[in-house]
Each structure stands twice: as C-alpha cells, then as structure tokens.
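What follows is the content of start.tsv (TSV, C-alpha atoms).
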chain	number	residue	atom	x	y	z
A	268	MET	CA	81.20	77.89	151.21
A	269	ILE	CA	82.49	76.06	148.16
A	270	THR	CA	79.04	74.86	147.21
A	271	ASN	CA	77.90	78.40	146.54
A	272	GLU	CA	80.53	78.93	143.90
A	273	ARG	CA	78.66	77.01	141.24
A	274	ARG	CA	75.10	77.99	141.83
A	275	ILE	CA	72.67	77.18	139.10
A	276	PRO	CA	70.78	80.36	138.27
A	277	ILE	CA	67.04	80.40	138.82
A	278	ILE	CA	65.23	82.96	136.71
A	279	LYS	CA	61.75	84.16	137.48
A	280	ILE	CA	59.52	85.09	134.57
A	281	ARG	CA	55.97	86.08	135.38
A	282	ASP	CA	54.55	83.22	137.44
A	283	PHE	CA	57.24	80.75	136.55
A	284	LEU	CA	60.73	79.87	137.54
A	285	ILE	CA	63.15	78.82	134.84
A	286	VAL	CA	66.13	76.67	135.65
A	287	SER	CA	68.58	75.66	132.97
A	288	ILE	CA	71.07	73.06	134.06
A	289	GLN	CA	74.22	73.52	132.03
A	290	VAL	CA	76.82	71.89	134.22
A	291	ASP	CA	77.39	68.27	135.09
A	292	MET	CA	75.12	67.38	137.94
A	293	HIS	CA	76.70	65.74	140.90
A	294	ASP	CA	74.81	64.58	143.93
A	295	ARG	CA	75.50	67.55	146.19
A	296	LEU	CA	74.70	70.06	143.46
A	297	ALA	CA	71.39	68.28	142.80
A	298	LEU	CA	70.39	68.44	146.46
A	299	GLN	CA	71.47	72.05	146.64
A	300	LEU	CA	69.41	72.86	143.56
A	301	GLN	CA	66.40	71.15	145.10
A	302	THR	CA	66.60	73.30	148.23
A	303	GLN	CA	67.27	76.41	146.17
A	304	ILE	CA	64.26	75.87	143.93
A	305	LEU	CA	61.90	75.15	146.80
A	306	GLU	CA	63.09	78.28	148.59
A	307	GLU	CA	62.58	80.33	145.45
A	308	ILE	CA	59.05	78.94	145.05
A	309	ALA	CA	58.25	80.03	148.58
A	310	ARG	CA	59.89	83.45	148.14
A	311	THR	CA	58.42	84.38	144.75
A	312	HIS	CA	55.11	82.51	144.97
A	313	ALA	CA	55.87	80.96	141.61
A	314	ARG	CA	53.18	78.66	140.22
A	315	GLY	CA	55.37	76.57	138.02
A	316	VAL	CA	58.98	75.52	137.54
A	317	LEU	CA	60.58	74.71	134.20
A	318	ILE	CA	63.76	72.68	134.46
A	319	ASP	CA	65.73	72.44	131.24
A	320	ILE	CA	67.97	69.38	131.18
A	321	SER	CA	68.67	69.31	127.44
A	322	THR	CA	72.42	69.61	128.00
A	323	LEU	CA	72.53	66.79	130.52
A	324	GLU	CA	74.08	63.78	128.81
A	325	MET	CA	73.72	61.46	131.74
A	326	VAL	CA	71.34	61.16	134.64
A	327	ASP	CA	71.92	58.55	137.32
A	328	SER	CA	69.37	57.07	139.66
A	329	PHE	CA	70.14	59.58	142.38
A	330	ILE	CA	69.63	62.65	140.19
A	331	GLY	CA	66.51	61.00	138.75
A	332	ARG	CA	65.15	60.52	142.24
A	333	VAL	CA	66.02	64.09	143.23
A	334	LEU	CA	64.21	65.45	140.18
A	335	SER	CA	61.14	63.35	140.77
A	336	GLY	CA	61.20	64.16	144.49
A	337	MET	CA	61.46	67.83	143.69
A	338	ALA	CA	58.30	67.58	141.57
A	339	SER	CA	56.37	66.02	144.45
A	340	MET	CA	57.67	68.60	146.92
A	341	ALA	CA	56.81	71.49	144.61
A	342	ALA	CA	53.37	70.01	144.04
A	343	ILE	CA	52.66	70.20	147.77
A	344	MET	CA	53.70	73.83	147.58
A	345	ASP	CA	51.22	74.31	144.74
A	346	ALA	CA	53.77	74.67	141.97
A	347	ALA	CA	53.97	72.37	138.96
A	348	VAL	CA	57.35	71.13	137.81
A	349	VAL	CA	57.91	70.50	134.13
A	350	ILE	CA	61.11	68.82	133.02
A	351	VAL	CA	62.10	70.01	129.60
A	352	GLY	CA	64.24	68.69	126.78
A	353	MET	CA	65.36	65.34	128.08
A	354	GLN	CA	67.77	63.52	125.77
A	355	PRO	CA	66.64	60.13	124.38
A	356	ALA	CA	69.62	58.40	125.96
A	357	VAL	CA	68.72	59.86	129.33
A	358	ALA	CA	65.11	58.75	128.97
A	359	ILE	CA	66.21	55.22	128.08
A	360	THR	CA	68.56	55.13	131.07
A	361	LEU	CA	65.86	56.28	133.46
A	362	VAL	CA	63.37	53.76	132.13
A	363	GLU	CA	65.94	50.97	132.34
A	364	LEU	CA	66.65	51.99	135.94
A	365	GLY	CA	62.93	51.69	136.61
A	366	LEU	CA	62.67	55.40	137.36
A	367	GLU	CA	59.58	56.22	135.39
A	368	MET	CA	58.99	59.47	137.28
A	369	PRO	CA	55.26	59.25	137.72
A	370	GLY	CA	53.73	62.60	138.48
A	371	VAL	CA	56.48	64.54	136.76
A	372	GLU	CA	55.36	66.49	133.76
A	373	THR	CA	57.64	66.62	130.77
A	374	ALA	CA	57.86	68.67	127.61
A	375	LEU	CA	59.95	68.46	124.47
A	376	ASN	CA	61.24	72.02	124.70
A	377	MET	CA	61.00	75.16	126.80
A	378	GLU	CA	58.28	76.66	124.58
A	379	LEU	CA	55.97	73.66	124.90
A	380	GLY	CA	56.68	73.45	128.62
A	381	MET	CA	55.75	77.09	129.08
A	382	GLU	CA	52.56	76.56	127.05
A	383	MET	CA	51.72	73.59	129.24
A	384	LEU	CA	52.11	75.58	132.44
A	385	GLU	CA	50.15	78.53	131.09
A	386	LYS	CA	47.29	76.28	130.08
A	387	ARG	CA	47.30	74.72	133.49
A	388	LEU	CA	47.25	78.10	135.17
A	389	GLU	CA	44.43	79.29	132.94
A	390	SER	CA	42.27	76.31	133.81
A	391	GLU	CA	42.76	77.03	137.49
A	392	ARG	CA	41.71	80.64	137.21
B	216	MET	CA	137.45	1.24	120.19
B	217	ASN	CA	135.15	3.73	118.67
B	218	SER	CA	137.76	6.37	118.30
B	219	THR	CA	139.54	4.21	115.76
B	220	THR	CA	136.53	3.65	113.49
B	221	ILE	CA	135.36	7.25	113.31
B	222	THR	CA	137.49	9.68	111.44
B	223	ASN	CA	137.41	13.36	112.21
B	224	ALA	CA	134.71	12.66	114.82
B	225	LYS	CA	134.79	16.07	116.42
B	226	GLU	CA	134.53	18.05	113.18
B	227	ARG	CA	131.78	15.84	111.81
B	228	ILE	CA	129.69	16.07	114.94
B	229	GLU	CA	130.13	19.81	114.85
B	230	HIS	CA	129.01	19.75	111.21
B	231	ILE	CA	125.93	17.72	112.22
B	232	GLU	CA	125.18	20.21	114.99
B	233	ASP	CA	125.50	23.12	112.55
B	234	ILE	CA	123.16	21.47	110.07
B	235	LEU	CA	120.62	20.58	112.76
B	236	SER	CA	120.56	24.11	114.15
B	237	SER	CA	120.09	25.56	110.62
B	238	VAL	CA	117.23	23.12	110.05
B	239	ALA	CA	115.69	24.14	113.38
B	240	ALA	CA	115.95	27.76	112.23
B	241	GLY	CA	113.97	26.86	109.09
B	242	ASP	CA	116.57	26.22	106.41
B	243	LEU	CA	115.46	22.84	105.06
B	244	ASP	CA	117.65	22.70	101.97
B	245	LEU	CA	120.76	21.70	103.87
B	246	ARG	CA	121.91	18.08	104.17
B	247	ILE	CA	124.80	16.52	106.01
B	248	GLU	CA	127.66	15.89	103.64
B	249	SER	CA	130.41	13.48	104.41
B	250	GLU	CA	133.10	11.80	102.37
B	251	PHE	CA	133.77	9.17	105.04
B	252	GLU	CA	132.23	5.72	105.38
B	253	ASP	CA	132.15	4.56	108.98
B	254	ASP	CA	129.93	4.16	112.08
B	255	LEU	CA	128.74	7.77	111.99
B	256	THR	CA	127.57	7.54	108.38
B	257	GLY	CA	124.42	5.68	109.39
B	258	VAL	CA	123.50	8.43	111.82
B	259	GLU	CA	124.18	11.08	109.20
B	260	GLN	CA	122.01	9.36	106.64
B	261	ALA	CA	119.24	8.85	109.16
B	262	ILE	CA	119.31	12.55	109.99
B	263	ASN	CA	119.21	13.43	106.29
B	264	LEU	CA	116.20	11.19	105.83
B	265	LEU	CA	114.47	12.82	108.77
B	266	ILE	CA	115.12	16.26	107.30
B	267	ASP	CA	113.63	15.05	104.00
B	268	ASP	CA	110.52	13.86	105.77
B	269	LEU	CA	110.27	17.05	107.73
B	270	THR	CA	110.53	19.12	104.56
B	271	HIS	CA	107.79	17.11	102.95
B	272	GLU	CA	105.44	17.35	105.93
B	273	LEU	CA	106.08	21.04	106.36
B	274	LYS	CA	105.22	21.72	102.74
B	275	LYS	CA	102.03	19.74	103.11
B	276	SER	CA	100.94	21.54	106.25
B	277	LEU	CA	101.77	24.93	104.73
B	278	LYS	CA	99.55	24.13	101.80
B	279	LEU	CA	96.75	23.04	104.13
B	280	LYS	CA	97.15	26.17	106.20
B	281	GLN	CA	96.86	28.32	103.12
B	282	GLU	CA	93.71	26.52	102.07
B	283	MET	CA	92.23	26.93	105.53
B	284	GLU	CA	93.04	30.61	105.56
B	285	GLU	CA	91.37	31.09	102.21
B	286	LYS	CA	88.26	29.31	103.46
B	287	LEU	CA	88.26	31.37	106.65
B	288	MET	CA	88.48	34.59	104.64
B	289	LYS	CA	85.54	33.47	102.54
B	290	ILE	CA	83.49	32.66	105.62
B	291	GLN	CA	84.38	35.94	107.26
B	292	GLU	CA	83.33	37.82	104.17
B	293	GLN	CA	80.04	35.95	104.10
B	294	GLN	CA	79.49	36.71	107.76
B	295	LYS	CA	80.18	40.38	107.14
B	296	THR	CA	77.59	40.41	104.38
B	297	ILE	CA	75.06	38.72	106.64
B	298	LEU	CA	75.67	41.24	109.44
B	299	GLN	CA	75.41	44.13	107.02
B	300	GLN	CA	72.16	42.78	105.65
B	301	GLN	CA	70.83	42.26	109.16
B	302	GLU	CA	71.65	45.86	110.01
B	303	ASP	CA	70.02	47.09	106.83
B	304	LEU	CA	66.97	45.02	107.61
B	305	MET	CA	66.83	46.45	111.13
B	306	GLU	CA	66.89	49.99	109.83
B	307	LEU	CA	64.43	49.24	107.09
B	308	SER	CA	62.11	47.53	109.48
B	309	SER	CA	61.53	50.45	111.78
B	310	PRO	CA	60.84	53.59	109.80
B	311	VAL	CA	59.49	56.53	111.76
B	312	SER	CA	57.54	58.95	109.61
B	313	LYS	CA	55.98	62.26	110.34
B	314	VAL	CA	52.47	62.11	108.94
B	315	TRP	CA	51.07	65.34	110.21
B	316	GLU	CA	52.07	68.43	112.06
B	317	ASN	CA	53.11	67.09	115.47
B	318	ILE	CA	52.32	63.45	114.72
B	319	LEU	CA	54.78	60.63	114.15
B	320	ILE	CA	53.87	57.10	113.10
B	321	LEU	CA	55.96	54.01	113.62
B	322	PRO	CA	54.36	51.05	111.85
B	323	VAL	CA	55.79	47.77	113.05
B	324	ILE	CA	55.59	44.77	110.73
B	325	GLY	CA	56.83	41.28	111.45
B	326	THR	CA	57.99	39.48	114.52
B	327	LEU	CA	59.51	41.61	117.22
B	328	ASP	CA	62.60	40.58	119.13
B	329	SER	CA	64.37	42.49	121.87
B	330	GLN	CA	67.09	43.80	119.61
B	331	ARG	CA	64.63	45.11	117.09
B	332	THR	CA	62.45	46.73	119.72
B	333	GLN	CA	65.55	48.33	121.20
B	334	ILE	CA	66.49	49.87	117.85
B	335	MET	CA	62.88	50.90	117.30
B	336	MET	CA	62.83	52.62	120.67
B	337	GLU	CA	66.03	54.53	119.97
B	338	ASN	CA	64.86	55.54	116.50
B	339	LEU	CA	61.51	56.73	117.76
B	340	LEU	CA	62.95	58.75	120.65
B	341	GLN	CA	65.57	60.34	118.41
B	342	LYS	CA	62.94	61.26	115.86
B	343	ILE	CA	60.69	62.74	118.54
B	344	VAL	CA	63.52	65.03	119.59
B	345	THR	CA	64.62	66.02	116.08
B	346	THR	CA	61.13	66.69	114.72
B	347	GLY	CA	59.68	68.11	117.92
B	348	CYS	CA	56.51	66.07	117.47
B	349	THR	CA	54.55	65.61	120.68
B	350	THR	CA	52.44	62.65	119.60
B	351	ALA	CA	53.74	59.30	118.42
B	352	ILE	CA	51.63	56.39	117.23
B	353	LEU	CA	53.08	52.92	117.54
B	354	ASP	CA	51.07	50.75	115.19
B	355	ILE	CA	51.52	47.04	115.82
B	356	THR	CA	48.85	45.75	113.42
B	357	GLY	CA	51.51	43.83	111.50
B	358	VAL	CA	52.90	42.05	114.54
B	359	PRO	CA	51.69	38.45	114.91
B	360	THR	CA	52.82	37.75	118.48
B	361	VAL	CA	54.64	39.32	121.38
B	362	ASP	CA	56.40	37.82	124.38
B	363	THR	CA	57.08	39.22	127.84
B	364	GLN	CA	60.31	40.90	126.84
B	365	VAL	CA	58.83	42.58	123.82
B	366	ALA	CA	55.79	43.75	125.76
B	367	ASN	CA	58.10	45.21	128.38
B	368	HIS	CA	60.10	46.94	125.69
B	369	LEU	CA	56.92	48.47	124.32
B	370	LEU	CA	56.08	49.68	127.82
B	371	LYS	CA	59.56	51.13	128.17
B	372	THR	CA	59.29	52.90	124.84
B	373	VAL	CA	56.03	54.53	125.82
B	374	THR	CA	57.41	55.57	129.21
B	375	ALA	CA	60.62	56.94	127.71
B	376	ALA	CA	58.61	58.93	125.18
B	377	ARG	CA	56.60	60.37	128.05
B	378	LEU	CA	59.82	61.38	129.81
B	379	LEU	CA	60.85	63.30	126.71
B	380	GLY	CA	57.53	65.10	126.78
B	381	ALA	CA	55.70	63.24	124.02
B	382	GLU	CA	52.63	61.05	124.20
B	383	CYS	CA	52.85	57.60	122.70
B	384	ILE	CA	49.72	55.80	121.51
B	385	VAL	CA	49.74	52.08	120.76
B	386	SER	CA	47.29	50.98	118.09
B	387	GLY	CA	46.30	47.81	116.34
B	388	ILE	CA	46.66	45.29	119.13
B	389	SER	CA	45.38	42.03	117.69
B	390	PRO	CA	43.17	39.63	119.68
B	391	ALA	CA	46.04	37.18	119.95
B	392	ILE	CA	48.37	39.81	121.37
B	393	ALA	CA	45.70	41.07	123.77
B	394	GLN	CA	45.25	37.53	125.04
B	395	THR	CA	48.98	36.99	125.41
B	396	ILE	CA	49.49	40.27	127.23
B	397	VAL	CA	46.76	39.61	129.75
B	398	HIS	CA	47.83	35.99	130.24
B	399	LEU	CA	51.39	37.14	130.87
B	400	GLY	CA	50.08	39.50	133.51
B	401	ILE	CA	51.47	42.62	131.90
B	402	ASN	CA	49.66	45.75	132.93
B	403	LEU	CA	49.14	48.03	129.93
B	404	SER	CA	46.58	50.23	131.66
B	405	ASN	CA	49.03	53.14	131.86
B	406	ILE	CA	49.35	53.10	128.11
B	407	LEU	CA	46.91	54.73	125.78
B	408	THR	CA	45.75	52.08	123.33
B	409	LYS	CA	43.49	52.55	120.33
B	410	ALA	CA	41.82	49.85	118.27
B	411	THR	CA	43.09	50.86	114.86
B	412	LEU	CA	45.55	53.25	113.36
B	413	GLN	CA	42.60	55.33	112.24
B	414	ASP	CA	41.31	55.73	115.80
B	415	ALA	CA	44.76	56.65	116.99
B	416	MET	CA	45.09	59.19	114.20
B	417	ILE	CA	41.72	60.76	115.03
B	418	TYR	CA	42.64	60.96	118.69
B	419	ALA	CA	46.00	62.54	117.90
B	420	LEU	CA	44.48	65.11	115.54
B	421	ARG	CA	41.84	66.08	118.08
B	422	LYS	CA	44.41	66.39	120.79
B	423	ASN	CA	46.65	68.56	118.69
B	424	GLU	CA	43.86	70.84	117.59
B	425	GLN	CA	43.21	71.47	121.23
B	426	LEU	CA	46.85	71.79	122.02
B	427	ILE	CA	47.59	74.44	119.44
B	428	ASN	CA	45.03	76.88	120.66
B	429	GLY	CA	43.20	78.70	117.89
B	430	LYS	CA	45.41	77.29	115.14
B	431	VAL	CA	43.49	74.63	113.25
B	432	VAL	CA	45.82	71.85	112.27
B	433	LEU	CA	43.62	70.74	109.36
B	434	ASN	CA	44.30	74.09	107.66
B	435	GLN	CA	47.65	72.86	106.57
B	436	ILE	CA	46.19	70.19	104.34
B	437	ASP	CA	43.34	72.39	103.13
B	438	THR	CA	45.73	74.94	101.69
B	439	ASP	CA	47.76	72.30	99.92
B	440	GLU	CA	44.84	70.55	98.25
B	441	PRO	CA	42.74	72.21	95.54
B	442	LYS	CA	39.07	72.13	96.39
Take the structure in the file and give it back as structure tokens.
Amino acid sequence: MITNERRIPIIKIRDFLIVSIQVDMHDRLALQLQTQILEEIARTHARGVLIDISTLEMVDSFIGRVLSGMASMAAIMDAAVVIVGMQPAVAITLVELGLEMPGVETALNMELGMEMLEKRLESER
Amino acid sequence: MNSTTITNAKERIEHIEDILSSVAAGDLDLRIESEFEDDLTGVEQAINLLIDDLTHELKKSLKLKQEMEEKLMKIQEQQKTILQQQEDLMELSSPVSKVWENILILPVIGTLDSQRTQIMMENLLQKIVTTGCTTAILDITGVPTVDTQVANHLLKTVTAARLLGAECIVSGISPAIAQTIVHLGINLSNILTKATLQDAMIYALRKNEQLINGKVVLNQIDTDEPK
C-alpha cells in the first residue's frame, strides 16, 4: 500500500508514546496516524501520548478535529494525549475556526509535556 | 468658382494637414504660414488662433497638474507618517514582559479595538513560545470599556494560549467591564480571572512553585538580593 510508505514513527519510552509529526499532514495521513496511535496504545499499554506538532505550519479544521478526536478516543482507552509545541499561528487559526479542543491537554515543549504526564501518572498511583 | 479664388489649394491644404497632425502629436510651436490672401486665409488664421488657445490652455493645465501632484505627494507623505506612528503606537501599546521565571505579564492600557487586540494576541503568543513561559497574566486594569468583539478577542487569546500549553490569567476587570460583559451575555467562566494583578501574580507564583517540583522559584530573587 502507498499509505504505508510515509508512516509517522511512534516511539515508546517507558509508559509513553512519542509521536513527532515532521511531514505535512494531509487528511488520509492524519486518519492513518489516528488508527496507528490507538493500535499502539492497545499493544504497548501506554498511559500517555505526546504528539509534537512544532513543525506543523498549518492545521486545518479536519486535522484539528482528528487531533481532538484522537484525544477523546485515547482517553477512553485510559491514555492521556498531550499536544506539544503548537505554533502561535496554528493556535490562532484553530481558535478562529472555533476548534478550541476542549479536553485536549497541551504543553509548550516535549519536556513540559513529559513532566505533565509523569505528574498525572504519579497522582494515579 | 472656388478654384479660381484659391491659389495652390492642394499644397496649402496639405500644409494645413501637416501642421494639424504635428499639433496633434504635441508640437505646439508650429503655425500655418501662407503668403497668399484669399478665401482659405480666414480658415488658416482661425486654425492658428485655435492652436494659440490650445497652447495657452495646455500650459495652464500642466501647471495645475504639477501643483496637484505636489500636493498629493505631500498628503501621501503625511499619511505615511501617520501610518508609521500608528504602527509604533500599536507596538508600544502592547509590551509583553517576563516578570518572573515562567511568568509573563501583558498590561493593557487604553481603549481596546479589534486591531489592537489582534496584535496583542499575536505578540503574547509569540512571546510565550520564545520565552517558554507557561503562565501569562493579561492585566486589563487600564482598560475603561470593552465591547463584544474585544471580549471575544480576549477569550480567543486565552484559548489560543491554552492550545500552546500556557495558562492565561485575566486580572483587573473593572466593575464597568464586568457589567458590560455580563450584559452582553459573554461567558467568561472558562477563563481564570483574578481581582488584581497582585492576586494573579500570587496565584501564578504558587502554581509555578508546585509545578517545578522541589525547586523553589523564590530562590532566584533571594540570591540576587542582599539580605
């Protein structure tokens, strides 16, 4: 399949999955990533997912919805999704589109996102 | 018969045509010259007079045009200055400063319009990213009134900051603004508001002390100041 050629790597570190999006997201890739991440959560029993979108210059309403949907889906599977490193322009676009992504956690950078997840995990233990 | 009264009719008419086409092309110094006195002379003189008039009018309008152009240049220059000053004012009017480890403050003074809030929003978000501060305080003590648009912009700013991963606190909402906001039916319950800048600051410091586990944020100031 062509879709498999440009897979976005999902790295597992301890209890977390790390996904760094470094290519332009198109709709099919976003949906594929969603499925991939959810499958990985189930396979590895990860407790949290960090999605780094700092290189994404543009996010449209579809990608925004996929990201926010992914957070809800992961939450049902008992994994928290933290979106990391959003660009100001992207944030403004999303807000203007009315996509305020309630329920999605965000962090300024990977380090803070990781800290956030660790704290959350600690409080659950 | 006409042919008897006009001498060299063909050549003279050709001469008139030549002159007229030169005049049409812009050469206004030419006049019809003729050594004959007959029926065509009147026409020739009339054409010469017309060319004179035309020359005069053209000179006048050129002068006017020049004056207008000069005035336009002046106005354009003034407009440029005004725009520049407006831009400067915009930048001056929304400074974002880092006041503590992890804390940014954006004091807003004066009346807010959509354009200014837009610039404020962009400045704040950019600064959040470049400094890596996770808490931002938007102090609107110095704002006399807000309207629906501005309130919405404030909401958007706070939401956008949250999307970046920073928390935005709004402080210093005056009674008048509180009244306006509620009357307009704007729901600010999703936004963390504090009474004064001081309260916001205390909240932010507390939050950050908790956030940076074990590291006491106040240490930074203690080491800088002699006791």
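Contact shell of B:Gln413 at 10 Å (all atoms listed in the file; same-chain neighbours under 6 positions omitted): Ser386, Gly387 and Ala419 of chain B.
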Compile the residues of chain B that lie within 6 Å of chain A, evaluated using only C-alpha atoms, and express the compilation as a ChimeraX atom specification. /B:340,375,378-380
Straight-line distance linking atom CA of B:Phe251 with atom CA of B:Asp267, stated in Å to one decimal: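 Interatomic distance, atom CA of B:Phe251 to atom CA of B:Asp267: 21.0 Å.
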From the list A:Ile308, A:Ala313, A:Ala346, A:Met325, the nearest residue to A:Arg281 using only C-alpha atoms is A:Ala313
Polymer residues at most 8 Å from (65.2, 66.1, 146.9) by all atoms listed in the file, as a list in words: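 Counting all atoms listed in the file, I find these residues within 8 Å of (65.2, 66.1, 146.9): Ala297, Leu298, Gln301, Thr302, Arg332, Val333, Leu334, Ser335, Gly336, Met337 and Met340 of chain A.
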Expected answer as a compact mmCIF listing (two decimals) with C-alpha atoms, in the frame of the given file: all residues with atoms within 12 Å of (55.3, 65.4, 110.7), only C-alpha atoms:
# COMPACT_ATOMS: atom_id res chain seq x y z
CA VAL B 311 59.49 56.53 111.76
CA SER B 312 57.54 58.95 109.61
CA LYS B 313 55.98 62.26 110.34
CA VAL B 314 52.47 62.11 108.94
CA TRP B 315 51.07 65.34 110.21
CA GLU B 316 52.07 68.43 112.06
CA ASN B 317 53.11 67.09 115.47
CA ILE B 318 52.32 63.45 114.72
CA LEU B 319 54.78 60.63 114.15
CA ILE B 320 53.87 57.10 113.10
CA LEU B 321 55.96 54.01 113.62
CA LYS B 342 62.94 61.26 115.86
CA ILE B 343 60.69 62.74 118.54
CA THR B 345 64.62 66.02 116.08
CA THR B 346 61.13 66.69 114.72
CA GLY B 347 59.68 68.11 117.92
CA CYS B 348 56.51 66.07 117.47
CA THR B 349 54.55 65.61 120.68
CA THR B 350 52.44 62.65 119.60
CA ALA B 351 53.74 59.30 118.42
CA ILE B 352 51.63 56.39 117.23
CA LEU B 420 44.48 65.11 115.54
CA VAL B 432 45.82 71.85 112.27
CA GLN B 435 47.65 72.86 106.57
One decimal, Å: what's the distance from atom CA of A:Val286 over to atom CA of B:Lys371, could you say? 27.4 Å
I'd like to know which of A:Asp291, A:Glu307, A:Asp345, A:Glu385 is closest to A:Ile320, using only C-alpha atoms.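 Selected residue with least distance to A:Ile320: A:Asp291.
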